[in-house]
Every structure is written in C-alpha cells, then in structure tokens.
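Asks: A single structure is presented below for examination.
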Amino acid sequence: MTLTRNDFPGDFLFGASTSSYQIEGHAQGGAGQTHWDTFARTPGNVVRGEHGGRACDHYNRLDADLDLLKDLGVDVYRFSTSWARVMPEGRGNVNEAGLDFYDRLVDGLLERGIKPAATLYHWELPSALADLGGWANRDIASWFADFTEVIMGRIGDRVWSAAPINEPWCVSWMGHFLGHHAPGLRDIRATARAMHHVLLAHGRATQVMRGRGMDNLGAICNFEYAVPVDNSPEAQRAARTYDGYYNRFFLSGLFNGAYPEDVLEGIGPHLPAGWQDDFDTITAPVDWCGINYYTRKIIAPANGPWPALEEVDGPLPKTQMGWEIYPDGLHAFLKRTHDAYTRGLPLYVTENGMAAPDTVSNGAVNDTARVDYLDAHLARVKQAIDEDIPVKGYFVWSLMDNYEWALGYDKRFGLVHVDFNTLERTPKASYHALATAIAR
Ligand code: FCB
C-alpha cells in the first residue's frame, strides 16, 4: 500500500468488519431459525442453496479469529450480534449461550487491545418475527427495542460503539422491493413500511441504549453513486430517483427529520398511517455516522411504474461482484453526508472492500487487486480529511471470506482466505500489506 497510518491523523482508527450470520455458523449454539435460513432453503434464491449454518465456524474458532485481528494490528473490530442467537424466537426466551458468546467476543477483543464496535442487526431476522410480518409490522420497533435491552444489558458496559442497524436500504429495498435478500418480497407497500419501520427501530434502539447510559452510538447506511446513462432529462431523472431511494432517503430521515419529496412521490401512498409523527424517535441523536461504500451504478430510464429505471453495465474495471471500481464515489458521499446531513459529526467508513476469486497457492494468496482497491479508497478518505471533513476511521469489509448472502460462498471479500471445506484460514497478501501499513 502506498498510504500508511502516518498519512492519517493520530486518532484515526483502522478496523475490519464482519457480521454474525456471515461467519458464525448459525446452526450452532442454540440460535433460533432466521429468515435467511428459510430464504436460502427455497430453490432459486441463493447460489447452490448455500446458507449460514456453518459459514466460517467462527462460533467455535473465536479465539483464533481474534488473534488474526490482533496480528493484523487493527484498532477496532466491527461485528454484529444475531438477534436469533440471543433470543431464538425474537421475543421472550433468552439463549444464555448466545449472550455468553458475545460476552467472550467483547472480552476477547478488549484483552487484545481492540475496541469492540457492535452492530445490533445485520439481517438475520428471527423466523418467528418474520411470521408476524417482520419489518412490515410496526411492532418490530418494540421487539427490536426489547432485544436491544437484552443484548446491551450484557455487553453494553464494554462495547466501544454501537449502531442499531446495518444498511437500512438493504434491509428494506433489497429484501422487500428487489426480492434479492430475505424475505424475498417484491412489493412496494411492504417496502415502504420496511423503510419507515427500520428507521423507527433504529430510533427506539438508540433511545434504549442512551437510557442505559451508553455513548458513541451511530447509524450505518450504504451508498451507491448514481450516474445517468446520458444527458437526457429522462436519464437525469432516473439517476436522481435512484439516488433518492438509495442514498438520500435514510440520511434525510435520520438527520433532517423528513423524507425527500422525490421519494415520497413513489412510496408516499404506501407508507403506514401516521408516519409523519415518528421523526422525534427516528432523529434520536447519534454520535457518528457510518458509510458503507463499494461502487457506482449507471442508471437509465425504463418503462413501467415508479421508480421506472434500470441499471446498465458500466465501462470501468469491475470486481468479482461485477461492481465497477469507483473510488471518487466514496469521497463524494463523505462530503455530501457531512455537508447536507451530519454537519460536523464524526464519520466512519464502516465497510469498503472488494471480492475476488482468490485461491491459495504455496500457502499464499496474491490479491494485489485488493491492495490497490483499498489504497485508492483510503486516498479518497485522506482527501476528505484534508478538506476538513471529520472522517475518523476506516473499516475493511471483511476480515475473512464469508457467506456473501444470495451469492453464497464464492464471492471472497476477506483479508483472510477461508477454505470452506477444511475451514483453514490463510492471511492474504492484502492482510500482510494492511498490517504493514497500519503498524504503530
Ligand atoms: C454490504 C453488507 C455486507 C456484505 C457487503 C459486500 O452491503 O453489509 O454484509 O454483504 O455488502
């Protein structure tokens, strides 16, 4: 890497991110069933029908994986807590083994001098709550607040930071409009409700944690830079619409207490009654905002109902996901988030990284493209800092290869290679490069 820790302010934090369902092995330790387990077992939803039942077996390899973090030299580790591992039915009964696991995780990080950054929900909704309508049901905000009490009652005294929900757009739009993620719906009414309820749940959980005396609470959103396919007014409109429901809707709700007019045009008729009265909760003050960024999208107008647009193939070099590599977009979102929404709050890049078809040869993985990707995006972070945008840290997605949702196990995002037959871990060249770059 060309950039090193010395190119960043002294208090800048380097970290790595993972999530519970993608690494733990959800069939173990008394966790309840989730909507991802059943979504994956329905033909056609996930490549090869793969699921998170074993994943990286992180549940049984916790200490060795925490040692990988320590040797990498990160300051902070972003993990998530599985609702169904802690409360198998989503409500009521608590699985003590689940709480014990997150307790050991947090203590294990602290023992190694690594700050624990918790995300409460990274997508594995307990099936019993999915049966009740999941994110389309307003009651989810209360169920989630109760889960927050339980998990933070156990680890809230020791985590360094906490954010309720990973990527409201993915939870609502990917799962309820595109149907690419659990629960696999394609319905604008369910989508609109999920978009609102996910923010309401965020606000309720934030209030619960604040009430427990916790601080350093955040919100984590994902972004894609929308580029019109050409100069026509129709293409400009399409890209703006995409930008609206993807990028502006959630930030606007969280930080400005309103939804953008151009998004209301489409989802307004489908929002639950009384949504306008929920912004006091949704805007419960947070201490930072997390930005997850990977790519841009070229957007063209299309026939059909709102949003009447489609993605078209772009010309830039792509990752294994087929995602164009566009580091300028990261800078653009850091600047816009600061200028229009967070206005001085600390920002963190809570996810950034790339998938590649990495293989081990002679005990090594030569992922130089990933090193270049990280370097280029870190350069845009540095640019933002030089412009006085308060970016305080950068987390690589991901510590290790894992379950990439509907795409199964062969999209490899890790700094550490995982052999999904033997579960052997092999640090890649990018792991060693990052370790060298951030060594103190
Ligand atoms: C993000 C998710 C993460 C992973 C990366 C590639 O949207 O938060 O779990 O799937 O994309």
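Labels for the structure tokens follow display order: chains A, B, ..., residues from 1 in each chain, ligands from 1.
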What's around A:Tyr348 at 8 Å? Count only C-alpha atoms, leave out sequence neighbours fewer than 6 positions away in its own chain, and write the answer as a list in words.

Replies: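 With the cut-off at 8 Å, the set is Trp288, Cys289, Gly290, Ile291, Val391, Lys392, Gly393, Tyr394 and Phe395 of chain A.
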
Asks: Write out, as a short mmCIF file (atom, residue, chain, number, x, y, z; two decimals), in the first residue's frame, the residues just selected, with all heavy atoms.

Replies:
```
data_model
loop_
_atom_site.label_atom_id
_atom_site.label_comp_id
_atom_site.auth_asym_id
_atom_site.auth_seq_id
_atom_site.Cartn_x
_atom_site.Cartn_y
_atom_site.Cartn_z
N TRP A 288 -22.24 9.53 15.62
CA TRP A 288 -21.44 9.39 14.41
C TRP A 288 -22.30 8.73 13.34
O TRP A 288 -23.38 8.19 13.64
CB TRP A 288 -20.17 8.55 14.65
CG TRP A 288 -20.41 7.22 15.31
CD1 TRP A 288 -20.38 6.98 16.65
CD2 TRP A 288 -20.68 5.96 14.67
NE1 TRP A 288 -20.64 5.64 16.89
CE2 TRP A 288 -20.81 4.99 15.69
CE3 TRP A 288 -20.82 5.55 13.35
CZ2 TRP A 288 -21.09 3.64 15.43
CZ3 TRP A 288 -21.09 4.21 13.07
CH2 TRP A 288 -21.22 3.28 14.11
N CYS A 289 -21.80 8.80 12.11
CA CYS A 289 -22.48 8.14 11.00
C CYS A 289 -21.48 7.25 10.27
O CYS A 289 -20.35 7.66 10.00
CB CYS A 289 -23.06 9.19 10.05
SG CYS A 289 -23.94 8.49 8.64
N GLY A 290 -21.91 6.04 9.98
CA GLY A 290 -21.07 5.07 9.26
C GLY A 290 -21.49 5.00 7.81
O GLY A 290 -22.68 4.98 7.48
N ILE A 291 -20.49 4.96 6.93
CA ILE A 291 -20.73 4.94 5.49
C ILE A 291 -20.16 3.64 4.92
O ILE A 291 -18.97 3.37 5.09
CB ILE A 291 -20.07 6.18 4.85
CG1 ILE A 291 -20.87 7.39 5.32
CG2 ILE A 291 -19.96 6.07 3.34
CD1 ILE A 291 -20.50 8.67 4.68
N VAL A 391 -13.61 12.62 9.05
CA VAL A 391 -13.62 11.15 8.92
C VAL A 391 -12.64 10.60 9.96
O VAL A 391 -11.46 10.97 9.96
CB VAL A 391 -13.20 10.69 7.51
CG1 VAL A 391 -13.57 9.21 7.32
CG2 VAL A 391 -13.84 11.54 6.44
N LYS A 392 -13.14 9.75 10.83
CA LYS A 392 -12.37 9.32 12.00
C LYS A 392 -11.88 7.88 11.93
O LYS A 392 -11.19 7.42 12.84
CB LYS A 392 -13.21 9.50 13.26
CG LYS A 392 -13.64 10.93 13.51
CD LYS A 392 -12.43 11.82 13.77
CE LYS A 392 -12.84 13.23 14.14
NZ LYS A 392 -11.66 14.11 14.24
N GLY A 393 -12.30 7.14 10.89
CA GLY A 393 -11.84 5.76 10.83
C GLY A 393 -12.28 5.07 9.55
O GLY A 393 -13.14 5.59 8.81
N TYR A 394 -11.68 3.93 9.29
CA TYR A 394 -11.92 3.18 8.05
C TYR A 394 -11.87 1.69 8.36
O TYR A 394 -10.89 1.21 8.94
CB TYR A 394 -10.83 3.55 7.03
CG TYR A 394 -10.84 2.73 5.76
CD1 TYR A 394 -11.57 3.15 4.65
CD2 TYR A 394 -10.09 1.56 5.66
CE1 TYR A 394 -11.57 2.41 3.47
CE2 TYR A 394 -10.07 0.82 4.49
CZ TYR A 394 -10.82 1.25 3.40
OH TYR A 394 -10.81 0.52 2.24
N PHE A 395 -12.95 0.97 8.03
CA PHE A 395 -13.04 -0.47 8.28
C PHE A 395 -13.06 -1.21 6.94
O PHE A 395 -13.87 -0.88 6.07
CB PHE A 395 -14.34 -0.82 8.99
CG PHE A 395 -14.52 -0.26 10.37
CD1 PHE A 395 -14.68 1.11 10.57
CD2 PHE A 395 -14.59 -1.10 11.47
CE1 PHE A 395 -14.89 1.62 11.85
CE2 PHE A 395 -14.80 -0.59 12.75
CZ PHE A 395 -14.94 0.77 12.94
#
```

Asks: Excluding A:Asn352 and its own-chain neighbours fewer than 5 positions away, which residues fall within 9 Å of it when counting only C-alpha atoms? Please give them as a ChimeraX atom specification.

Replies: /A:291-294,374,377,394-398

Asks: Excluding A:Ala376 and residues on its chain fewer than 5 positions from it, collect all residues at most 12 Å away from it, counting only C-alpha atoms, and give them as a short mmCIF file (atom, residue, chain, number, x, y, z; two decimals) with N, CA, C and O atoms, in the first residue's frame.

Replies:
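Everything below was put into around08.cif:
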```
data_model
loop_
_atom_site.label_atom_id
_atom_site.label_comp_id
_atom_site.auth_asym_id
_atom_site.auth_seq_id
_atom_site.Cartn_x
_atom_site.Cartn_y
_atom_site.Cartn_z
N MET A 1 0.85 -1.18 0.00
CA MET A 1 0.00 0.00 0.00
C MET A 1 0.89 1.24 0.00
O MET A 1 1.93 1.24 0.63
N THR A 2 0.43 2.28 -0.69
CA THR A 2 1.24 3.49 -0.71
C THR A 2 0.96 4.33 0.53
O THR A 2 1.83 5.05 1.00
N LEU A 3 -0.27 4.25 1.07
CA LEU A 3 -0.61 5.03 2.26
C LEU A 3 -0.35 4.21 3.51
O LEU A 3 -0.51 2.99 3.51
N TYR A 294 -19.10 0.72 -1.87
CA TYR A 294 -18.41 -0.24 -2.74
C TYR A 294 -18.29 0.21 -4.19
O TYR A 294 -17.31 -0.08 -4.85
N ILE A 325 -15.23 -0.30 -10.10
CA ILE A 325 -14.37 0.28 -9.07
C ILE A 325 -14.34 1.80 -9.28
O ILE A 325 -13.85 2.28 -10.31
N TYR A 326 -14.89 2.54 -8.32
CA TYR A 326 -15.06 3.99 -8.49
C TYR A 326 -14.79 4.71 -7.17
O TYR A 326 -15.72 5.12 -6.45
N PRO A 327 -13.53 4.86 -6.81
CA PRO A 327 -13.18 5.45 -5.51
C PRO A 327 -13.70 6.87 -5.32
O PRO A 327 -14.00 7.27 -4.19
N ASP A 328 -13.85 7.65 -6.40
CA ASP A 328 -14.34 9.03 -6.25
C ASP A 328 -15.70 9.07 -5.56
O ASP A 328 -16.03 10.05 -4.90
N GLY A 329 -16.48 8.02 -5.76
CA GLY A 329 -17.80 7.99 -5.13
C GLY A 329 -17.70 8.03 -3.61
O GLY A 329 -18.55 8.62 -2.95
N LEU A 330 -16.68 7.42 -3.06
CA LEU A 330 -16.53 7.42 -1.60
C LEU A 330 -16.30 8.85 -1.11
O LEU A 330 -16.94 9.31 -0.16
N HIS A 331 -15.43 9.55 -1.79
CA HIS A 331 -15.19 10.95 -1.41
C HIS A 331 -16.48 11.78 -1.53
O HIS A 331 -16.82 12.56 -0.64
N ASN A 352 -15.80 -1.16 3.34
CA ASN A 352 -15.27 -0.91 1.99
C ASN A 352 -14.33 -2.07 1.69
O ASN A 352 -13.59 -2.52 2.55
N GLY A 353 -14.41 -2.56 0.47
CA GLY A 353 -13.56 -3.69 0.11
C GLY A 353 -14.03 -4.29 -1.20
O GLY A 353 -14.96 -3.78 -1.82
N MET A 354 -13.38 -5.35 -1.62
CA MET A 354 -13.76 -5.94 -2.91
C MET A 354 -13.68 -7.46 -2.87
O MET A 354 -12.91 -8.06 -2.14
N ALA A 369 -4.94 -6.91 -6.47
CA ALA A 369 -6.03 -6.01 -6.87
C ALA A 369 -6.73 -5.45 -5.63
O ALA A 369 -7.16 -4.29 -5.62
N ARG A 370 -6.85 -6.26 -4.58
CA ARG A 370 -7.49 -5.77 -3.35
C ARG A 370 -6.62 -4.71 -2.68
O ARG A 370 -7.15 -3.71 -2.16
N VAL A 371 -5.32 -4.92 -2.69
CA VAL A 371 -4.42 -3.91 -2.10
C VAL A 371 -4.62 -2.58 -2.82
O VAL A 371 -4.75 -1.52 -2.18
N VAL A 381 -10.40 8.93 1.29
CA VAL A 381 -10.65 9.26 2.70
C VAL A 381 -9.70 10.36 3.14
O VAL A 381 -10.09 11.36 3.76
N LYS A 382 -8.45 10.20 2.76
CA LYS A 382 -7.44 11.20 3.12
C LYS A 382 -7.78 12.56 2.50
O LYS A 382 -7.66 13.60 3.15
N GLN A 383 -8.21 12.52 1.26
CA GLN A 383 -8.62 13.76 0.59
C GLN A 383 -9.73 14.46 1.38
O GLN A 383 -9.68 15.68 1.61
#
```

Asks: Between chain A and ligand 1, at 7 Å or less, what are the per-residue closest atom pairs and their distances in Å? Count only C-alpha atoms and all ligand atoms, order by chain and rising residue number, and return it as JSON lines.

Replies:
```
{"residue": "A:Ser19", "atom": "CA", "partner": "ligand 1", "partner_atom_place_in_ligand_line": "9 (O)", "distance": 6.3}
{"residue": "A:Asn166", "atom": "CA", "partner": "ligand 1", "partner_atom_place_in_ligand_line": "8 (O)", "distance": 6.3}
{"residue": "A:Glu167", "atom": "CA", "partner": "ligand 1", "partner_atom_place_in_ligand_line": "8 (O)", "distance": 6.4}
{"residue": "A:Cys170", "atom": "CA", "partner": "ligand 1", "partner_atom_place_in_ligand_line": "7 (O)", "distance": 6.8}
{"residue": "A:Asn222", "atom": "CA", "partner": "ligand 1", "partner_atom_place_in_ligand_line": "7 (O)", "distance": 6.6}
{"residue": "A:Trp397", "atom": "CA", "partner": "ligand 1", "partner_atom_place_in_ligand_line": "5 (C)", "distance": 6.7}
{"residue": "A:Glu404", "atom": "CA", "partner": "ligand 1", "partner_atom_place_in_ligand_line": "10 (O)", "distance": 5.3}
{"residue": "A:Trp405", "atom": "CA", "partner": "ligand 1", "partner_atom_place_in_ligand_line": "10 (O)", "distance": 6.4}
```

Asks: I need the chosen residues saved as a PDB file, in the first residue's frame, with N, CA, C and O atoms.

Replies:
```pdb
ATOM      1  N   SER A  19     -20.028  -9.822   9.911  1.00  0.00           N
ATOM      2  CA  SER A  19     -21.364  -9.886  10.516  1.00  0.00           C
ATOM      3  C   SER A  19     -21.651 -11.306  10.978  1.00  0.00           C
ATOM      4  O   SER A  19     -21.075 -12.274  10.470  1.00  0.00           O
ATOM      5  N   ASN A 166     -27.538  -2.394  10.374  1.00  0.00           N
ATOM      6  CA  ASN A 166     -26.674  -2.298   9.217  1.00  0.00           C
ATOM      7  C   ASN A 166     -27.497  -2.061   7.960  1.00  0.00           C
ATOM      8  O   ASN A 166     -28.331  -2.886   7.588  1.00  0.00           O
ATOM      9  N   GLU A 167     -27.276  -0.936   7.306  1.00  0.00           N
ATOM     10  CA  GLU A 167     -27.779  -0.670   5.963  1.00  0.00           C
ATOM     11  C   GLU A 167     -29.296  -0.755   5.823  1.00  0.00           C
ATOM     12  O   GLU A 167     -29.841  -1.721   5.267  1.00  0.00           O
ATOM     13  N   CYS A 170     -30.617  -1.952   2.405  1.00  0.00           N
ATOM     14  CA  CYS A 170     -30.601  -3.387   2.101  1.00  0.00           C
ATOM     15  C   CYS A 170     -31.730  -4.099   2.823  1.00  0.00           C
ATOM     16  O   CYS A 170     -32.414  -4.943   2.252  1.00  0.00           O
ATOM     17  N   ASN A 222     -25.632   2.420   3.632  1.00  0.00           N
ATOM     18  CA  ASN A 222     -24.823   2.098   2.446  1.00  0.00           C
ATOM     19  C   ASN A 222     -25.221   3.000   1.284  1.00  0.00           C
ATOM     20  O   ASN A 222     -26.350   3.489   1.217  1.00  0.00           O
ATOM     21  N   TRP A 397     -14.150  -4.251   4.705  1.00  0.00           N
ATOM     22  CA  TRP A 397     -15.012  -5.417   4.582  1.00  0.00           C
ATOM     23  C   TRP A 397     -14.274  -6.403   3.697  1.00  0.00           C
ATOM     24  O   TRP A 397     -14.092  -6.099   2.532  1.00  0.00           O
ATOM     25  N   GLU A 404     -21.567 -14.684   1.361  1.00  0.00           N
ATOM     26  CA  GLU A 404     -21.974 -13.436   0.708  1.00  0.00           C
ATOM     27  C   GLU A 404     -23.450 -13.548   0.276  1.00  0.00           C
ATOM     28  O   GLU A 404     -23.790 -13.445  -0.892  1.00  0.00           O
ATOM     29  N   TRP A 405     -24.292 -13.806   1.255  1.00  0.00           N
ATOM     30  CA  TRP A 405     -25.745 -13.745   1.085  1.00  0.00           C
ATOM     31  C   TRP A 405     -26.228 -14.540  -0.134  1.00  0.00           C
ATOM     32  O   TRP A 405     -25.831 -15.682  -0.307  1.00  0.00           O
TER      33      TRP A 405
END
```

Asks: Which one of A:Asp37, A:Asp57, A:Glu387, A:Asp7 sits closest to A:Thr422 if you count only C-alpha atoms?

Replies: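 Once distances to A:Thr422 are computed over only C-alpha atoms, the minimum belongs to A:Asp57.
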
Asks: Do you know which residues are at most 7 Å from A:Thr241 counting only C-alpha atoms, after dropping those on the same chain fewer than 4 positions away, and could you put them as a PyMOL selection string?

Replies: chain A and resi 237+245+262-263+307

Asks: What gap, in Å, lies between atom CA of A:Phe333 and atom CA of A:Tyr246?

Replies: 12.2 Å

Asks: What's the 7 Å shell around stretch 75-79 of chain A, counting only C-alpha atoms, without same-chain residues fewer than 4 positions away, as a list in words?

Replies: Leu13, Phe14, Gly15, Ala16, Ser17, Thr18, Ser19, Ser20, Ile114, Lys115, Pro116, Ala117, Ala118 and Thr119 of chain A

Asks: Taking the DSSP assignment computed from this structure's backbone, write out as a PyMOL selection string all residues of stretch 102-132 of chain A that belong to strand (DSSP E or B).

Replies: chain A and resi 115-121+126

Asks: Write a file of the just-selected residues containing all heavy atoms, as a compact mmCIF listing (two decimals), in the first residue's frame.

Replies:
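After the write, selection27.txt holds the following:
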```
# COMPACT_ATOMS: atom_id res chain seq x y z
N LYS A 115 -10.85 -2.25 20.12
CA LYS A 115 -12.14 -1.66 20.50
C LYS A 115 -13.28 -2.46 19.88
O LYS A 115 -13.30 -2.64 18.66
CB LYS A 115 -12.22 -0.22 20.00
CG LYS A 115 -11.20 0.74 20.58
CD LYS A 115 -11.37 2.09 19.91
CE LYS A 115 -10.43 3.18 20.39
NZ LYS A 115 -9.35 2.86 21.25
N PRO A 116 -14.27 -2.86 20.68
CA PRO A 116 -15.43 -3.58 20.13
C PRO A 116 -16.49 -2.61 19.58
O PRO A 116 -17.01 -1.78 20.33
CB PRO A 116 -15.99 -4.35 21.33
CG PRO A 116 -15.03 -4.14 22.46
CD PRO A 116 -14.29 -2.88 22.16
N ALA A 117 -16.79 -2.71 18.30
CA ALA A 117 -17.82 -1.88 17.66
C ALA A 117 -18.98 -2.79 17.26
O ALA A 117 -18.87 -3.58 16.31
CB ALA A 117 -17.25 -1.16 16.44
N ALA A 118 -20.08 -2.69 17.99
CA ALA A 118 -21.20 -3.62 17.78
C ALA A 118 -22.23 -3.04 16.82
O ALA A 118 -22.55 -1.85 16.86
CB ALA A 118 -21.87 -3.92 19.12
N THR A 119 -22.75 -3.90 15.95
CA THR A 119 -23.95 -3.59 15.18
C THR A 119 -25.01 -4.57 15.65
O THR A 119 -24.76 -5.78 15.70
CB THR A 119 -23.71 -3.77 13.66
OG1 THR A 119 -22.62 -2.93 13.27
CG2 THR A 119 -24.94 -3.39 12.85
N LEU A 120 -26.18 -4.08 16.01
CA LEU A 120 -27.17 -4.98 16.62
C LEU A 120 -27.89 -5.86 15.62
O LEU A 120 -28.31 -6.95 15.96
CB LEU A 120 -28.21 -4.17 17.41
CG LEU A 120 -27.75 -3.81 18.80
CD1 LEU A 120 -26.87 -2.60 18.79
CD2 LEU A 120 -28.94 -3.60 19.71
N TYR A 121 -28.06 -5.38 14.41
CA TYR A 121 -28.83 -6.16 13.43
C TYR A 121 -28.15 -6.09 12.07
O TYR A 121 -28.04 -5.03 11.48
CB TYR A 121 -30.26 -5.62 13.31
CG TYR A 121 -31.12 -6.39 12.32
CD1 TYR A 121 -31.71 -7.60 12.68
CD2 TYR A 121 -31.32 -5.93 11.03
CE1 TYR A 121 -32.48 -8.32 11.77
CE2 TYR A 121 -32.09 -6.64 10.11
CZ TYR A 121 -32.67 -7.83 10.50
OH TYR A 121 -33.44 -8.54 9.61
N PRO A 126 -35.16 -13.21 13.24
CA PRO A 126 -35.72 -14.46 13.74
C PRO A 126 -36.99 -14.83 12.97
O PRO A 126 -37.86 -13.98 12.74
CB PRO A 126 -36.04 -14.14 15.21
CG PRO A 126 -35.10 -13.03 15.58
CD PRO A 126 -34.95 -12.22 14.32
```

Asks: Out of A:His35, A:Ile298, A:Gly134, A:His338, which residue has the shortest atom-to-atom distance to A:Gln236 when counting only C-alpha atoms?

Replies: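 Closest candidate: A:Ile298.
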
Asks: Taking only residues of stretch 78-197 of chain A that have an atom at most 7 Å from an atom of stretch 25-33 of chain A, what is each one's shortest atom pair and its distance in Å to one decimal, using only C-alpha atoms, in chain and number order, as JSON lines?

Replies:
```
{"residue": "A:Ala84", "atom": "CA", "partner": "A:Gly32", "partner_atom": "CA", "distance": 4.8}
{"residue": "A:Arg85", "atom": "CA", "partner": "A:Ala31", "partner_atom": "CA", "distance": 3.8}
{"residue": "A:Val86", "atom": "CA", "partner": "A:Ala31", "partner_atom": "CA", "distance": 6.9}
{"residue": "A:Pro88", "atom": "CA", "partner": "A:Gly32", "partner_atom": "CA", "distance": 3.7}
{"residue": "A:Glu89", "atom": "CA", "partner": "A:Gly32", "partner_atom": "CA", "distance": 6.2}
{"residue": "A:Asn95", "atom": "CA", "partner": "A:Gly30", "partner_atom": "CA", "distance": 6.7}
{"residue": "A:Ala97", "atom": "CA", "partner": "A:Gly29", "partner_atom": "CA", "distance": 6.4}
{"residue": "A:Gly98", "atom": "CA", "partner": "A:Gly29", "partner_atom": "CA", "distance": 6.7}
{"residue": "A:Pro126", "atom": "CA", "partner": "A:Gln33", "partner_atom": "CA", "distance": 5.9}
{"residue": "A:Ser127", "atom": "CA", "partner": "A:Gln33", "partner_atom": "CA", "distance": 5.6}
```

Asks: Mind dumping the selected residues with C-alpha atoms as a short mmCIF file (atom, residue, chain, number, x, y, z; two decimals), in the first residue's frame?

Replies:
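File result_38.cif, as written:
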```cif
data_model
loop_
_atom_site.label_atom_id
_atom_site.label_comp_id
_atom_site.auth_asym_id
_atom_site.auth_seq_id
_atom_site.Cartn_x
_atom_site.Cartn_y
_atom_site.Cartn_z
CA ALA A 84 -31.95 -15.09 16.95
CA ARG A 85 -28.79 -16.30 18.70
CA VAL A 86 -29.68 -14.15 21.70
CA PRO A 88 -34.28 -17.67 19.41
CA GLU A 89 -37.94 -16.69 18.95
CA ASN A 95 -30.45 -18.16 24.95
CA ALA A 97 -25.18 -19.47 25.43
CA GLY A 98 -25.74 -16.72 22.87
CA PRO A 126 -35.72 -14.46 13.74
CA SER A 127 -38.24 -16.55 11.76
#
```

Asks: I'd like to know which residues of stretch 274-426 of chain A are helix (DSSP H, G or I) (by DSSP, run on the backbone); could you write them as a count of residues only?

Replies: 45

Asks: Have a look at atom CA of A:Ile438 and atom CA of A:Arg380 and let me know their distance in Å, one decimal.

Replies: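 For atom CA of A:Ile438 relative to atom CA of A:Arg380, the distance reads 16.9 Å.
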
Asks: Could you list, as a list in words, every residue within 12 Å of A:Ala308, counting only C-alpha atoms and ignoring same-chain residues fewer than 4 positions away?

Replies: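 Surrounding residues, per the criterion: Glu234, Ala235, Arg237, Ala238, Ala239, Arg240, Thr241, Tyr242, Gly266, Ile299, Ala300, Pro301, Ala302, Asn303 and Gly304 of chain A.
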
Asks: Please, what distance in Å, to one decimal, runs between atom CA of A:Ile267 and atom CA of A:Asp230?

Replies: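 If I compute the distance from atom CA of A:Ile267 to atom CA of A:Asp230, I get 25.9 Å.
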
Asks: As a PDB file with N, CA, C and O atoms, in the first residue's frame, please: the residues near A:Val360 (cut-off 9 Å, only C-alpha atoms, same-chain neighbours under 6 positions excluded).

Replies:
```pdb
ATOM      1  N   ASN A 366      -2.289 -14.173  -3.536  1.00  0.00           N
ATOM      2  CA  ASN A 366      -1.698 -12.972  -4.101  1.00  0.00           C
ATOM      3  C   ASN A 366      -2.786 -12.022  -4.603  1.00  0.00           C
ATOM      4  O   ASN A 366      -3.031 -11.927  -5.800  1.00  0.00           O
ATOM      5  N   HIS A 417      -8.153 -15.614   3.697  1.00  0.00           N
ATOM      6  CA  HIS A 417      -8.818 -16.633   2.894  1.00  0.00           C
ATOM      7  C   HIS A 417      -9.373 -17.718   3.804  1.00  0.00           C
ATOM      8  O   HIS A 417      -8.722 -18.127   4.769  1.00  0.00           O
ATOM      9  N   ASP A 419     -10.887 -21.618   3.558  1.00  0.00           N
ATOM     10  CA  ASP A 419     -11.201 -22.823   2.785  1.00  0.00           C
ATOM     11  C   ASP A 419     -12.488 -23.383   3.380  1.00  0.00           C
ATOM     12  O   ASP A 419     -12.484 -23.828   4.537  1.00  0.00           O
ATOM     13  N   THR A 426      -6.113 -18.572   5.799  1.00  0.00           N
ATOM     14  CA  THR A 426      -4.822 -18.181   5.249  1.00  0.00           C
ATOM     15  C   THR A 426      -4.815 -16.675   5.001  1.00  0.00           C
ATOM     16  O   THR A 426      -5.532 -16.188   4.115  1.00  0.00           O
ATOM     17  N   LYS A 428      -4.180 -13.303   3.409  1.00  0.00           N
ATOM     18  CA  LYS A 428      -3.827 -12.981   2.019  1.00  0.00           C
ATOM     19  C   LYS A 428      -2.739 -11.897   1.996  1.00  0.00           C
ATOM     20  O   LYS A 428      -2.436 -11.283   3.021  1.00  0.00           O
TER      21      LYS A 428
END
```

Asks: Calculated over only C-alpha atoms, which of the candidates A:Arg41, A:Ala141, A:Leu105, A:Asp278 has the smallest distance to A:Leu129?

Replies: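 Of A:Arg41, A:Ala141, A:Leu105, A:Asp278, the one nearest A:Leu129, counting only C-alpha atoms, is A:Ala141.
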
Asks: Using only C-alpha atoms for the distances, tell me which of A:Leu69, A:Met400, A:Leu347, A:Leu62 is nearest to A:Ile385.

Replies: A:Leu347

Asks: For A:Ala284, which of A:Ala332, A:Val227, A:Ala219, A:Ala437 is the closest residue, counting only C-alpha atoms?

Replies: A:Ala219
